[in-house]
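File shown here: coords20.txt, holding compact mmCIF, C-alpha atoms and all ligand atoms.
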# COMPACT_ATOMS: atom_id res chain seq x y z
CA MET A 2 27.71 -6.81 -2.63
CA ASN A 3 30.04 -7.13 0.37
CA LYS A 4 32.93 -4.81 1.03
CA ARG A 5 35.55 -7.11 -0.49
CA ASP A 6 33.52 -7.52 -3.68
CA PHE A 7 32.91 -3.82 -3.75
CA ILE A 8 36.62 -3.05 -3.62
CA LYS A 9 37.39 -5.76 -6.17
CA ASN A 10 34.70 -4.60 -8.58
CA SER A 11 35.00 -0.92 -8.00
CA PHE A 12 36.00 1.43 -10.74
CA ILE A 13 36.12 4.20 -8.19
CA VAL A 14 39.37 5.92 -7.28
CA GLY A 15 39.48 7.51 -3.86
CA ALA A 16 35.71 7.57 -3.45
CA GLY A 17 33.90 7.96 -0.14
CA LEU A 18 31.15 5.53 -1.02
CA ILE A 19 31.02 2.27 0.93
CA SER A 20 29.17 -0.96 0.47
CA GLY A 21 27.01 -0.77 3.63
CA ILE A 22 24.47 1.35 1.77
CA ASN A 23 23.36 -1.63 -0.23
CA SER A 24 22.17 -3.51 2.79
CA ALA A 25 20.11 -0.66 4.22
CA ASN A 26 16.87 -1.12 2.39
CA ASN A 27 14.33 -0.34 5.03
CA GLN A 28 11.66 2.21 4.22
CA ASN A 29 11.26 3.22 7.84
CA SER A 30 12.44 6.79 8.15
CA GLU A 31 14.15 6.17 11.51
CA ILE A 32 16.36 3.61 9.92
CA LEU A 33 17.05 5.89 7.01
CA LEU A 34 18.00 8.57 9.49
CA SER A 35 20.27 6.24 11.38
CA TYR A 36 22.22 5.53 8.28
CA ASN A 37 22.52 9.17 7.39
CA ASN A 38 26.20 8.55 8.10
CA GLU A 39 26.39 6.33 5.06
CA TRP A 40 24.93 9.11 2.95
CA GLU A 41 27.62 11.40 4.33
CA LYS A 42 30.05 9.11 2.58
CA VAL A 43 28.11 9.47 -0.64
CA ARG A 44 28.26 13.23 -0.12
CA ASN A 45 32.05 12.96 0.06
CA ASP A 46 31.96 11.71 -3.51
CA TYR A 47 30.80 15.16 -4.59
CA GLU A 48 32.63 18.42 -4.91
CA LEU A 49 29.94 20.89 -3.86
CA PRO A 50 29.76 24.68 -3.80
CA THR A 51 30.52 26.13 -0.36
CA ASP A 52 28.81 29.50 -0.87
CA PHE A 53 25.28 28.21 -1.52
CA ILE A 54 23.07 25.14 -1.15
CA ASN A 55 22.02 23.63 -4.47
CA LEU A 56 18.38 22.55 -4.27
CA GLU A 57 17.92 22.74 -8.03
CA ASN A 58 19.05 19.27 -9.06
CA GLY A 59 16.04 19.10 -11.38
CA TYR A 60 17.88 20.86 -14.21
CA TYR A 61 20.64 18.30 -14.15
CA CYS A 62 22.59 16.34 -11.54
CA ILE A 63 26.29 17.09 -11.27
CA GLN A 64 28.64 14.15 -11.57
CA PRO A 65 30.12 12.68 -8.39
CA LYS A 66 33.92 12.53 -8.48
CA PRO A 67 34.14 8.86 -9.50
CA ILE A 68 32.04 9.47 -12.63
CA LEU A 69 33.82 12.74 -13.34
CA GLN A 70 37.20 11.02 -13.10
CA ALA A 71 36.04 8.24 -15.42
CA TYR A 72 34.76 10.87 -17.84
CA GLN A 73 38.07 12.72 -17.79
CA GLN A 74 39.89 9.46 -18.46
CA ASN A 75 37.51 8.73 -21.34
CA ILE A 76 38.17 12.17 -22.83
CA ASN A 77 41.94 11.58 -22.59
CA PHE A 78 41.62 8.12 -24.10
CA VAL A 79 39.55 9.23 -27.09
CA ASN A 80 41.72 12.28 -27.60
CA LYS A 81 44.86 10.14 -27.69
CA GLN A 82 43.44 7.60 -30.13
CA GLY A 83 41.81 10.20 -32.38
CA SER A 84 40.37 9.03 -35.69
CA TYR A 85 41.73 5.56 -35.02
CA TYR A 86 39.27 5.24 -32.14
CA MET A 87 36.41 6.67 -34.20
CA ARG A 88 37.05 4.28 -37.08
CA THR A 89 37.62 1.15 -35.02
CA VAL A 90 35.89 0.48 -31.69
CA GLN A 91 33.68 3.58 -31.41
CA PHE A 92 30.48 1.76 -32.39
CA GLU A 93 31.36 -1.42 -30.53
CA ASN A 94 31.78 0.64 -27.36
CA LYS A 95 28.57 2.58 -27.94
CA LYS A 96 26.80 -0.76 -28.24
CA LYS A 97 28.11 -1.71 -24.78
CA SER A 98 26.51 1.43 -23.35
CA VAL A 99 23.26 0.61 -25.16
CA ILE A 100 23.25 -2.92 -23.73
CA ALA A 101 23.84 -1.61 -20.18
CA LEU A 102 21.10 1.00 -20.57
CA ALA A 103 18.61 -1.48 -22.01
CA GLU A 104 19.26 -3.85 -19.13
CA LEU A 105 18.65 -1.06 -16.61
CA ALA A 106 15.58 0.28 -18.42
CA GLY A 107 14.06 -3.16 -18.92
CA CYS A 108 13.85 -3.31 -22.71
CA ALA A 109 15.64 -5.06 -25.57
CA GLU A 110 18.86 -3.52 -26.84
CA GLU A 111 17.28 -3.50 -30.32
CA GLU A 112 14.72 -1.01 -29.01
CA LEU A 113 16.99 1.68 -27.57
CA ILE A 114 19.20 4.39 -29.03
CA ILE A 115 21.44 6.90 -27.28
CA THR A 116 20.46 10.49 -27.96
CA ARG A 117 21.86 13.78 -26.68
CA ASN A 118 18.93 14.37 -24.32
CA THR A 119 15.16 14.03 -23.84
CA THR A 120 14.50 16.89 -26.22
CA GLU A 121 16.15 15.04 -29.08
CA ALA A 122 14.52 11.73 -28.14
CA LEU A 123 10.98 13.11 -27.92
CA ASN A 124 11.24 15.49 -30.85
CA LEU A 125 12.35 12.56 -32.95
CA ILE A 126 8.97 10.96 -32.31
CA ILE A 127 6.80 14.10 -32.32
CA SER A 128 8.26 15.47 -35.54
CA GLY A 129 9.01 12.11 -37.15
CA TYR A 130 5.64 10.40 -36.54
CA LYS A 131 3.97 9.63 -39.88
CA TRP A 132 1.13 12.11 -39.39
CA GLN A 133 -1.88 12.47 -41.71
CA VAL A 134 -3.85 15.71 -42.04
CA GLY A 135 -6.60 15.76 -39.37
CA ASP A 136 -4.80 13.41 -36.94
CA GLU A 137 -5.00 14.42 -33.31
CA ALA A 138 -2.39 14.48 -30.54
CA ILE A 139 -2.92 14.84 -26.79
CA PHE A 140 -0.60 16.32 -24.19
CA ALA A 141 -0.94 18.31 -20.97
CA GLU A 142 -0.35 21.97 -20.29
CA GLN A 143 1.97 20.82 -17.47
CA ASP A 144 4.28 19.04 -19.98
CA TYR A 145 7.68 20.43 -20.88
CA GLY A 146 7.47 23.55 -23.05
CA ALA A 147 9.86 22.41 -25.80
CA MET A 148 7.72 19.33 -26.49
CA GLN A 149 4.56 21.43 -26.63
CA ASP A 150 6.36 23.74 -29.07
CA MET A 151 7.21 20.79 -31.31
CA PHE A 152 3.57 19.65 -31.32
CA LYS A 153 2.58 23.21 -32.31
CA GLN A 154 5.07 23.06 -35.16
CA VAL A 155 3.60 19.75 -36.32
CA VAL A 156 0.21 21.47 -36.53
CA ALA A 157 1.76 23.96 -38.97
CA ARG A 158 3.76 21.35 -40.87
CA ASN A 159 1.35 18.43 -41.04
CA GLY A 160 -2.11 19.83 -40.37
CA ILE A 161 -2.77 17.91 -37.18
CA LYS A 162 -4.83 19.07 -34.20
CA ASN A 163 -3.53 19.27 -30.63
CA VAL A 164 -5.81 18.58 -27.69
CA VAL A 165 -4.36 19.98 -24.46
CA VAL A 166 -5.49 18.61 -21.09
CA SER A 167 -4.72 19.83 -17.58
CA ILE A 168 -3.56 17.64 -14.69
CA PRO A 169 -4.51 18.68 -11.12
CA ASN A 170 -1.59 19.22 -8.75
CA GLN A 171 -3.18 16.97 -6.14
CA PRO A 172 -5.34 14.36 -7.86
CA LYS A 173 -7.79 12.27 -5.83
CA ASN A 174 -6.67 9.00 -7.41
CA ASP A 175 -5.19 7.43 -10.57
CA GLU A 176 -8.61 7.09 -12.16
CA GLU A 177 -9.10 10.85 -12.13
CA ILE A 178 -5.96 11.28 -14.23
CA VAL A 179 -6.65 8.37 -16.57
CA ASP A 180 -10.11 9.79 -17.14
CA ILE A 181 -8.76 13.22 -18.09
CA TYR A 182 -6.77 11.62 -20.91
CA LYS A 183 -9.63 9.30 -21.84
CA GLN A 184 -12.07 12.20 -22.26
CA ALA A 185 -9.65 13.84 -24.72
CA ILE A 186 -9.46 10.83 -27.06
CA THR A 187 -11.46 10.85 -30.30
CA SER A 188 -11.48 8.50 -33.28
CA LYS A 189 -8.77 10.71 -34.82
CA THR A 190 -6.32 10.55 -31.88
CA LYS A 191 -3.01 8.94 -32.87
CA LEU A 192 -0.49 9.91 -30.21
CA LEU A 193 -0.70 10.78 -26.52
CA MET A 194 2.33 12.29 -24.82
CA VAL A 195 2.50 12.07 -21.04
CA SER A 196 5.15 13.04 -18.49
CA HIS A 197 6.32 10.24 -16.22
CA VAL A 198 7.22 12.96 -13.70
CA ILE A 199 5.76 16.45 -14.19
CA ASN A 200 8.86 18.61 -14.05
CA ILE A 201 7.33 21.67 -12.34
CA THR A 202 5.75 19.79 -9.42
CA GLY A 203 7.42 16.36 -9.25
CA GLN A 204 4.08 14.59 -9.60
CA VAL A 205 4.55 10.97 -10.75
CA LEU A 206 1.78 9.94 -13.15
CA PRO A 207 0.20 6.46 -13.40
CA ILE A 208 1.77 5.64 -16.77
CA LYS A 209 0.84 1.97 -16.90
CA LYS A 210 -2.87 2.73 -16.41
CA ILE A 211 -2.80 5.58 -18.92
CA VAL A 212 -1.10 3.30 -21.48
CA GLU A 213 -3.62 0.49 -20.94
CA MET A 214 -6.51 2.89 -21.44
CA ALA A 215 -4.93 4.54 -24.53
CA HIS A 216 -4.18 1.19 -26.15
CA GLN A 217 -7.83 0.19 -25.81
CA HIS A 218 -8.51 3.15 -28.12
CA ASN A 219 -5.61 2.34 -30.50
CA VAL A 220 -3.68 5.41 -29.36
CA LYS A 221 0.10 5.20 -29.10
CA VAL A 222 1.79 6.57 -25.97
CA LEU A 223 4.99 8.60 -25.86
CA VAL A 224 6.39 9.03 -22.33
CA ASP A 225 8.51 12.00 -21.34
CA GLY A 226 10.76 10.31 -18.80
CA ALA A 227 13.25 13.17 -18.41
CA HIS A 228 13.00 13.07 -14.62
CA ALA A 229 12.12 9.44 -13.99
CA PHE A 230 15.09 7.39 -15.16
CA ALA A 231 17.61 6.53 -12.40
CA HIS A 232 15.37 8.38 -9.95
CA ILE A 233 12.19 6.36 -9.36
CA GLN A 234 12.15 2.59 -9.82
CA PHE A 235 10.37 1.34 -12.94
CA ASN A 236 10.70 -0.91 -15.95
CA ILE A 237 9.78 0.23 -19.46
CA LYS A 238 8.34 -3.12 -20.50
CA GLU A 239 6.02 -3.10 -17.48
CA LEU A 240 4.83 0.41 -18.31
CA GLY A 241 3.84 -0.94 -21.74
CA CYS A 242 4.38 2.39 -23.51
CA ASP A 243 5.30 2.69 -27.19
CA TYR A 244 8.02 5.32 -27.00
CA TYR A 245 10.03 6.56 -23.99
CA GLY A 246 12.63 9.32 -23.88
CA THR A 247 14.91 10.46 -21.06
CA SER A 248 18.03 12.45 -20.23
CA LEU A 249 20.97 10.70 -18.60
CA HIS A 250 22.61 13.91 -17.36
CA LYS A 251 19.67 14.31 -15.00
CA TRP A 252 19.32 11.52 -12.44
CA LEU A 253 21.95 9.11 -13.76
CA SER A 254 24.58 11.88 -13.28
CA CYS A 255 26.14 11.31 -16.69
CA PRO A 256 28.18 14.07 -18.26
CA LEU A 257 25.99 16.67 -19.99
CA GLY A 258 24.60 15.66 -23.36
CA ALA A 259 23.28 12.11 -22.98
CA GLY A 260 19.82 10.62 -23.18
CA PHE A 261 18.02 7.69 -24.73
CA LEU A 262 14.96 6.87 -26.76
CA PHE A 263 13.09 3.57 -26.48
CA VAL A 264 10.89 2.55 -29.40
CA LYS A 265 8.90 -0.68 -29.43
CA LYS A 266 10.48 -2.95 -32.03
CA GLU A 267 7.36 -3.19 -34.19
CA LEU A 268 7.02 0.61 -34.23
CA ILE A 269 10.49 1.56 -35.41
CA ASN A 270 9.21 2.21 -38.93
CA SER A 271 6.29 4.28 -37.59
CA VAL A 272 8.56 7.34 -37.51
CA TRP A 273 10.88 9.19 -39.86
CA PRO A 274 14.42 9.70 -38.54
CA LEU A 275 15.68 13.17 -37.61
CA PHE A 276 18.81 12.61 -39.72
CA ALA A 277 18.70 10.16 -42.62
CA GLU A 278 20.65 6.92 -42.28
CA HIS A 279 22.17 5.10 -45.28
CA GLU A 280 19.55 3.26 -47.33
CA SER A 281 21.21 -0.08 -46.57
CA VAL A 282 19.87 0.14 -43.00
CA LYS A 283 16.33 -1.28 -42.92
CA ASN A 284 13.57 0.90 -41.43
CA THR A 285 12.84 -1.90 -38.97
CA ASP A 286 16.34 -1.65 -37.47
CA ILE A 287 16.61 0.97 -34.70
CA ALA A 288 19.91 2.14 -36.23
CA TYR A 289 17.66 3.72 -38.89
CA LEU A 290 16.66 6.30 -36.27
CA ASN A 291 20.17 6.88 -34.98
CA HIS A 292 22.34 8.63 -37.52
CA THR A 293 24.06 11.22 -35.36
CA GLY A 294 27.05 12.64 -37.20
CA THR A 295 30.19 13.11 -35.12
CA ILE A 296 29.38 13.57 -31.44
CA PRO A 297 31.25 13.66 -28.07
CA VAL A 298 31.73 9.89 -27.91
CA HIS A 299 33.47 10.09 -24.51
CA THR A 300 30.08 11.02 -23.07
CA ASP A 301 28.56 7.83 -24.46
CA LEU A 302 31.48 5.85 -23.00
CA THR A 303 30.87 7.31 -19.53
CA ILE A 304 27.29 6.00 -19.45
CA ILE A 305 28.72 2.65 -18.33
CA ASP A 306 30.55 4.30 -15.44
CA ALA A 307 27.46 6.23 -14.37
CA ILE A 308 25.39 3.03 -14.37
CA LYS A 309 28.02 1.32 -12.19
CA TYR A 310 27.88 4.17 -9.71
CA TYR A 311 24.08 4.13 -9.63
CA LYS A 312 24.05 0.38 -8.98
CA LEU A 313 26.64 0.78 -6.28
CA ILE A 314 24.40 3.19 -4.40
CA GLY A 315 21.49 0.84 -5.04
CA ILE A 316 18.45 1.58 -7.19
CA LYS A 317 16.00 1.09 -4.32
CA ASN A 318 18.22 2.95 -1.85
CA LYS A 319 18.42 5.96 -4.10
CA HIS A 320 14.67 6.08 -4.71
CA GLU A 321 13.96 5.78 -0.98
CA ARG A 322 16.61 8.30 -0.02
CA LEU A 323 15.17 10.89 -2.40
CA LEU A 324 11.64 10.32 -1.12
CA PHE A 325 12.87 10.54 2.45
CA LEU A 326 14.58 13.89 1.76
CA ARG A 327 11.48 15.32 0.10
CA ASN A 328 9.20 14.18 2.92
CA TYR A 329 11.65 15.43 5.53
CA TRP A 330 11.28 19.10 4.61
CA LEU A 331 7.75 18.97 3.24
CA ASN A 332 6.33 17.46 6.45
CA LYS A 333 7.92 20.25 8.46
CA ILE A 334 6.24 23.06 6.52
CA LYS A 335 3.01 21.45 5.40
CA ASP A 336 0.90 22.86 8.25
CA ASN A 337 2.06 26.43 7.76
CA PRO A 338 -1.09 28.23 6.50
CA ASN A 339 1.01 30.73 4.51
CA ILE A 340 2.72 28.01 2.49
CA ILE A 341 1.00 26.54 -0.55
CA ILE A 342 1.98 23.00 -1.55
CA ASN A 343 1.74 22.47 -5.30
CA SER A 344 2.74 18.77 -5.29
CA PRO A 345 0.93 15.60 -4.24
CA ILE A 346 1.63 14.48 -0.68
CA ASP A 347 1.04 10.77 -1.34
CA ASP A 348 4.37 8.85 -1.67
CA ASN A 349 3.03 6.91 -4.67
CA ARG A 350 2.85 10.13 -6.67
CA ALA A 351 6.04 11.64 -5.31
CA CYS A 352 9.76 11.82 -6.00
CA ALA A 353 12.66 14.10 -5.01
CA ILE A 354 11.03 17.13 -6.63
CA ALA A 355 8.35 19.20 -4.90
CA ASN A 356 7.00 22.69 -5.37
CA VAL A 357 5.80 25.20 -2.79
CA GLY A 358 4.62 28.79 -2.91
CA VAL A 359 4.16 31.47 -0.28
CA VAL A 360 0.83 33.29 -0.02
CA GLY A 361 1.09 36.80 -1.47
CA LEU A 362 4.62 36.37 -2.89
CA ASN A 363 5.33 35.80 -6.55
CA PRO A 364 7.60 32.85 -7.39
CA ILE A 365 10.47 34.97 -8.71
CA GLU A 366 10.55 37.00 -5.49
CA LEU A 367 10.44 33.81 -3.44
CA ALA A 368 13.37 32.25 -5.32
CA LYS A 369 15.27 35.54 -5.09
CA ASN A 370 14.65 35.73 -1.34
CA LEU A 371 15.80 32.15 -0.81
CA PHE A 372 18.99 32.77 -2.70
CA GLU A 373 19.92 36.27 -1.62
CA LYS A 374 18.97 36.02 2.05
CA PHE A 375 19.47 32.33 2.75
CA LYS A 376 21.92 31.16 0.02
CA ILE A 377 19.55 28.44 -1.13
CA TYR A 378 19.36 27.93 -4.88
CA THR A 379 15.98 26.86 -6.31
CA VAL A 380 14.03 27.74 -9.44
CA ALA A 381 10.88 29.86 -9.73
CA ILE A 382 7.94 28.27 -11.54
CA ASP A 383 5.22 30.67 -12.63
CA THR A 384 2.63 28.98 -14.84
CA LYS A 385 -1.15 29.10 -14.97
CA THR A 386 -1.51 26.14 -12.61
CA VAL A 387 1.71 26.21 -10.59
CA LYS A 388 3.11 29.21 -8.76
CA GLY A 389 6.02 28.52 -6.45
CA VAL A 390 9.61 27.36 -6.29
CA ARG A 391 10.75 23.91 -7.33
CA ILE A 392 12.86 22.29 -4.63
CA THR A 393 15.03 19.36 -5.72
CA PRO A 394 17.52 17.79 -3.32
CA ASN A 395 19.90 15.06 -4.50
CA VAL A 396 21.40 12.04 -2.71
CA TYR A 397 24.15 14.21 -1.24
CA THR A 398 21.74 16.69 0.39
CA THR A 399 21.80 16.61 4.20
CA THR A 400 18.92 16.98 6.63
CA ASN A 401 20.80 19.99 8.08
CA GLU A 402 20.55 21.71 4.71
CA LEU A 403 16.84 20.90 4.59
CA ASP A 404 16.40 22.34 8.09
CA LEU A 405 17.89 25.57 6.73
CA LEU A 406 15.34 25.45 3.90
CA VAL A 407 12.46 24.91 6.34
CA ASN A 408 13.64 27.80 8.50
CA ALA A 409 14.00 30.07 5.45
CA LEU A 410 10.52 29.23 4.13
CA ASN A 411 8.93 29.77 7.54
CA GLN A 412 10.66 33.11 7.93
CA ILE A 413 9.66 34.29 4.46
CA ALA A 414 6.08 33.08 5.00
CA LYS A 415 5.82 35.07 8.26
CA LYS A 416 6.02 38.41 6.47
C1 LIG B 501 9.75 16.97 -18.30
C2 LIG B 501 10.97 17.37 -19.10
N1 LIG B 501 11.05 16.96 -20.37
C3 LIG B 501 12.10 17.28 -21.13
C4 LIG B 501 13.13 18.04 -20.65
C5 LIG B 501 14.27 18.38 -21.55
O1 LIG B 501 15.42 17.76 -21.10
P1 LIG B 501 16.78 18.03 -21.87
O2 LIG B 501 17.04 19.49 -21.81
O3 LIG B 501 17.79 17.23 -21.13
O4 LIG B 501 16.56 17.58 -23.25
C6 LIG B 501 13.09 18.49 -19.34
C7 LIG B 501 14.17 19.32 -18.80
O5 LIG B 501 14.24 19.68 -17.66
C8 LIG B 501 11.97 18.16 -18.55
O6 LIG B 501 11.87 18.59 -17.28
Serialized structure, C-alpha cells:
Amino acid sequence: MNKRDFIKNSFIVGAGLISGINSANNQNSEILLSYNNEWEKVRNDYELPTDFINLENGYYCIQPKPILQAYQQNINFVNKQGSYYMRTVQFENKKKSVIALAELAGCAEEELIITRNTTEALNLIISGYKWQVGDEAIFAEQDYGAMQDMFKQVVARNGIKNVVVSIPNQPKNDEEIVDIYKQAITSKTKLLMVSHVINITGQVLPIKKIVEMAHQHNVKVLVDGAHAFAHIQFNIKELGCDYYGTSLHKWLSCPLGAGFLFVKKELINSVWPLFAEHESVKNTDIAYLNHTGTIPVHTDLTIIDAIKYYKLIGIKNKHERLLFLRNYWLNKIKDNPNIIINSPIDDNRACAIANVGVVGLNPIELAKNLFEKFKIYTVAIDTKTVKGVRITPNVYTTTNELDLLVNALNQIAKK
C-alpha cells in the first residue's frame, strides 16, 4: 500500500502510523533497527503509562488510539440506535466480522464463531464434546489452568480419564515434542489439547506435526491459540487441526471480551453447544454452537477495525518486530550465569513472550524487584517446570526500554 492509498483507505483519525512500515520486510536485525523510527510512529498510536514500563502484554494488548476511537464510535452508534440496531443489522454486521476473521485465520466463514474469549471457545469444546465413559483426553501440565480445570470437571461429569504430559522448556527438536504426545495416545484417546504458544514461556509448538501424528491415531486436536492469533504468522487450514480457539483482545488489540472458535465443518455436530440454540438451526450449522444471549455488540463491530489496523502494520512486519524485540533483550542477558532462561532460543519456537529467572530468587520477589526498583511491570510465573518472570513487549516497546530491562536484570542477578 503506498502513502496515497493508505490515506485514502485509512479509517484512522490522527494516527501516527505511516505506510513505510509495509515495505520494510527484511529479517535482518540491522534493517529492523534502522527503521526503528517507523516503529516510533506506531508507538505514537498508543497512550502509554508514564510511571512504569509495561512488559506484560501477554495478559492482553491495549488498544492503540485508532482502534479505541473506532470502538468509542461503535459504542455511541449502538447506543443511539438501541433495540432498533439489535433487531435489524446486528447479525448482518456480526457476519461481516466473522468473514473478516475467517479470511485472516484461513478458514471458511461457516467454520468460525465469535466468542467472548479463548476460555469460552475452548470450554465449549472440552465440556461439549460428546464424551463416552472411559474416553481419554491428553493435555500438558504447561497448558492454561482454566482449560485443565475444565478437563478435570469432565472427568467428574462424564467419567473420562485425563493423561497429562510435560513439555520441556528447551526441546531438542519437533520430533521430541510430537513423540511426547504420541506416547500418551491409547486406543481410548479421543481428544488432544495443545497450546499453539505456551503462555508461561512463549514456546511455539509444532502444531501441524502434532496434528498429523494425532490424526494417524484417529485423535481429534483442539488448539489453544490464545497467544498465537495476530502475533505469529499461520493459517488454520494449514495446521490441519479440528478445533482452534483464541482471544482477540490479546494480540489483535480488540476491545476486551472478544475471541473466536474454529470448528471443522464436518465436526460441528461432534459437540453440544454451551447455550442451546433454537431447534430450527441444524446441528451441522455453526450457528448451532453460537447462541450467546445479549452481548456487547460494539465489541464485535470493532473486530473489523482491529483487523484493518493489524493489516496496516503488516502481518509479517508485526511478527518480525516482536521476534526482534524478544531477541534484542534475551541476547544481551543470555550469557549471564545467574540468569536462567526458561524459553527456547531458536526463532522457530519463539515469539514476543519469553521467561527468565534469577538464580536464588523466587519469581514473586523478582517481579516485585523489577517493578518497585526499576518500574518495569512483568508477571511472576511459579510452576513446577517454570520459575521466573514472563516478559512480553508489544510493537510499541522501544529498544531503550529493553535496555532498561537488561540493566535491571543484570543488577538483580549480581546480588
Ligand atoms: C494459553 C492461554 N489459554 C487461554 C487463556 C485464556 O484467555 P482468556 O482469558 O482471554 O479467555 C490464556 C490467557 O492468558 C492463555 O494464556
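With all atoms listed in the file as the atoms that count, the set of residues no farther than 6 Å from ligand LIG 501 (chain B) is A:Tyr60, A:Asn118, A:Thr119, A:Thr120, A:Tyr145, A:Ile199, A:Asn200, A:Asp225, A:Ala227, A:Ser248.
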I'd like to know which of A:Thr190, A:Thr400, A:Asn94, A:Thr247 is closest to Arg327 in chain A, using only C-alpha atoms.
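Smallest separation from Arg327 in chain A among the options: A:Thr400.
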The residue from A:Ile341, A:Pro364, A:Arg117, A:Glu373 with the smallest atom-to-atom distance to Asn170 in chain A, counting all atoms listed in the file, is A:Ile341
Minimum-distance residue to Leu410 in chain A, chosen among A:Ile127, A:Ala368, A:Ile168, A:Cys255 (using all atoms listed in the file):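 Once distances to Leu410 in chain A are computed over all atoms listed in the file, the minimum belongs to A:Ala368.
You can rank A:Cys62, A:Val212, A:Ile377, A:Lys153 by their closest distance to Lys238 in chain A using only C-alpha atoms, and at the top of that list sits A:Val212.
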A straight line from CA of Glu121 in chain A to CA of Glu93 in chain A spans 22.5 Å
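Nearest to Asp383 in chain A of all the residues A:Ile316, A:Leu69, A:Leu362, A:Leu406 is A:Leu362, based on all atoms listed in the file.
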Near-Thr285 in chain A list (12 Å; all atoms listed in the file; drop same-chain fewer than 3 positions) as a ChimeraX atom specification:
/A:111-112,264-274,280-282,288-290
Please produce an output containing C-alpha atoms for each residue in the selection, written as a PDB file, keeping the file's coordinate frame.
ATOM      1  CA  GLU A 111      17.280  -3.500 -30.320  1.00  0.00           C
ATOM      2  CA  GLU A 112      14.720  -1.010 -29.010  1.00  0.00           C
ATOM      3  CA  VAL A 264      10.890   2.550 -29.400  1.00  0.00           C
ATOM      4  CA  LYS A 265       8.900  -0.680 -29.430  1.00  0.00           C
ATOM      5  CA  LYS A 266      10.480  -2.950 -32.030  1.00  0.00           C
ATOM      6  CA  GLU A 267       7.360  -3.190 -34.190  1.00  0.00           C
ATOM      7  CA  LEU A 268       7.020   0.610 -34.230  1.00  0.00           C
ATOM      8  CA  ILE A 269      10.490   1.560 -35.410  1.00  0.00           C
ATOM      9  CA  ASN A 270       9.210   2.210 -38.930  1.00  0.00           C
ATOM     10  CA  SER A 271       6.290   4.280 -37.590  1.00  0.00           C
ATOM     11  CA  VAL A 272       8.560   7.340 -37.510  1.00  0.00           C
ATOM     12  CA  TRP A 273      10.880   9.190 -39.860  1.00  0.00           C
ATOM     13  CA  PRO A 274      14.420   9.700 -38.540  1.00  0.00           C
ATOM     14  CA  GLU A 280      19.550   3.260 -47.330  1.00  0.00           C
ATOM     15  CA  SER A 281      21.210  -0.080 -46.570  1.00  0.00           C
ATOM     16  CA  VAL A 282      19.870   0.140 -43.000  1.00  0.00           C
ATOM     17  CA  ALA A 288      19.910   2.140 -36.230  1.00  0.00           C
ATOM     18  CA  TYR A 289      17.660   3.720 -38.890  1.00  0.00           C
ATOM     19  CA  LEU A 290      16.660   6.300 -36.270  1.00  0.00           C
TER      20      LEU A 290
END
If you count only C-alpha atoms, the residue of A:Val179, A:Leu262, A:Met151, A:Ala138 closest to Ile114 in chain A turns out to be A:Leu262
Excluding Gly361 in chain A and any residue of its chain fewer than 3 positions from it, enumerate the residues within 9 Å of it, using all atoms listed in the file, and give them as a VMD selection string.
-> chain A and resid 339 358 414
- Task: Quote the spacing between CA of Lys81 in chain A and CA of Lys96 in chain A in Å to one decimal place.
- Result: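 So the two atoms, CA of Lys81 in chain A and CA of Lys96 in chain A, lie 21.1 Å apart.
Taking CA of Ile68 in chain A as the reference point, CA of Glu39 in chain A is found at 18.8 Å.
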Which neighbours of Ile382 in chain A fall inside 12 Å, counting all atoms listed in the file, when residues of the same chain fewer than 2 positions from it are skipped, and could you give them as a list in words?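 In the requested form, the answer reads Glu57, Gln143, Asn200, Ile201, Thr202, Asn343, Ala355, Asn356, Val357, Gly358, Asn363, Pro364, Ile365, Glu366, Leu367, Ala368, Thr379, Val380, Thr384, Lys385, Thr386, Val387, Lys388, Gly389, Val390, Arg391 and Ile392 of chain A.
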Preceding selection exported with C-alpha atoms as a compact mmCIF listing (two decimals), in the coordinates of the input:
# COMPACT_ATOMS: atom_id res chain seq x y z
CA GLU A 57 17.92 22.74 -8.03
CA GLN A 143 1.97 20.82 -17.47
CA ASN A 200 8.86 18.61 -14.05
CA ILE A 201 7.33 21.67 -12.34
CA THR A 202 5.75 19.79 -9.42
CA ASN A 343 1.74 22.47 -5.30
CA ALA A 355 8.35 19.20 -4.90
CA ASN A 356 7.00 22.69 -5.37
CA VAL A 357 5.80 25.20 -2.79
CA GLY A 358 4.62 28.79 -2.91
CA ASN A 363 5.33 35.80 -6.55
CA PRO A 364 7.60 32.85 -7.39
CA ILE A 365 10.47 34.97 -8.71
CA GLU A 366 10.55 37.00 -5.49
CA LEU A 367 10.44 33.81 -3.44
CA ALA A 368 13.37 32.25 -5.32
CA THR A 379 15.98 26.86 -6.31
CA VAL A 380 14.03 27.74 -9.44
CA THR A 384 2.63 28.98 -14.84
CA LYS A 385 -1.15 29.10 -14.97
CA THR A 386 -1.51 26.14 -12.61
CA VAL A 387 1.71 26.21 -10.59
CA LYS A 388 3.11 29.21 -8.76
CA GLY A 389 6.02 28.52 -6.45
CA VAL A 390 9.61 27.36 -6.29
CA ARG A 391 10.75 23.91 -7.33
CA ILE A 392 12.86 22.29 -4.63
(message) If we count all atoms listed in the file and set the cut-off at 12 Å, which residues sit around Leu249 in chain A, ignoring sequence neighbours fewer than 6 positions away in its own chain? Please answer as a ChimeraX atom specification.
(response) /A:60-64,98,102,106,115-120,122,226-232,255-262,300-301,303-308,311
9 Å contact set for Ile346 in chain A, only C-alpha atoms, chain neighbours under 4 positions out, as a PyMOL selection string: chain A and resi 171+328+331+342+350-351
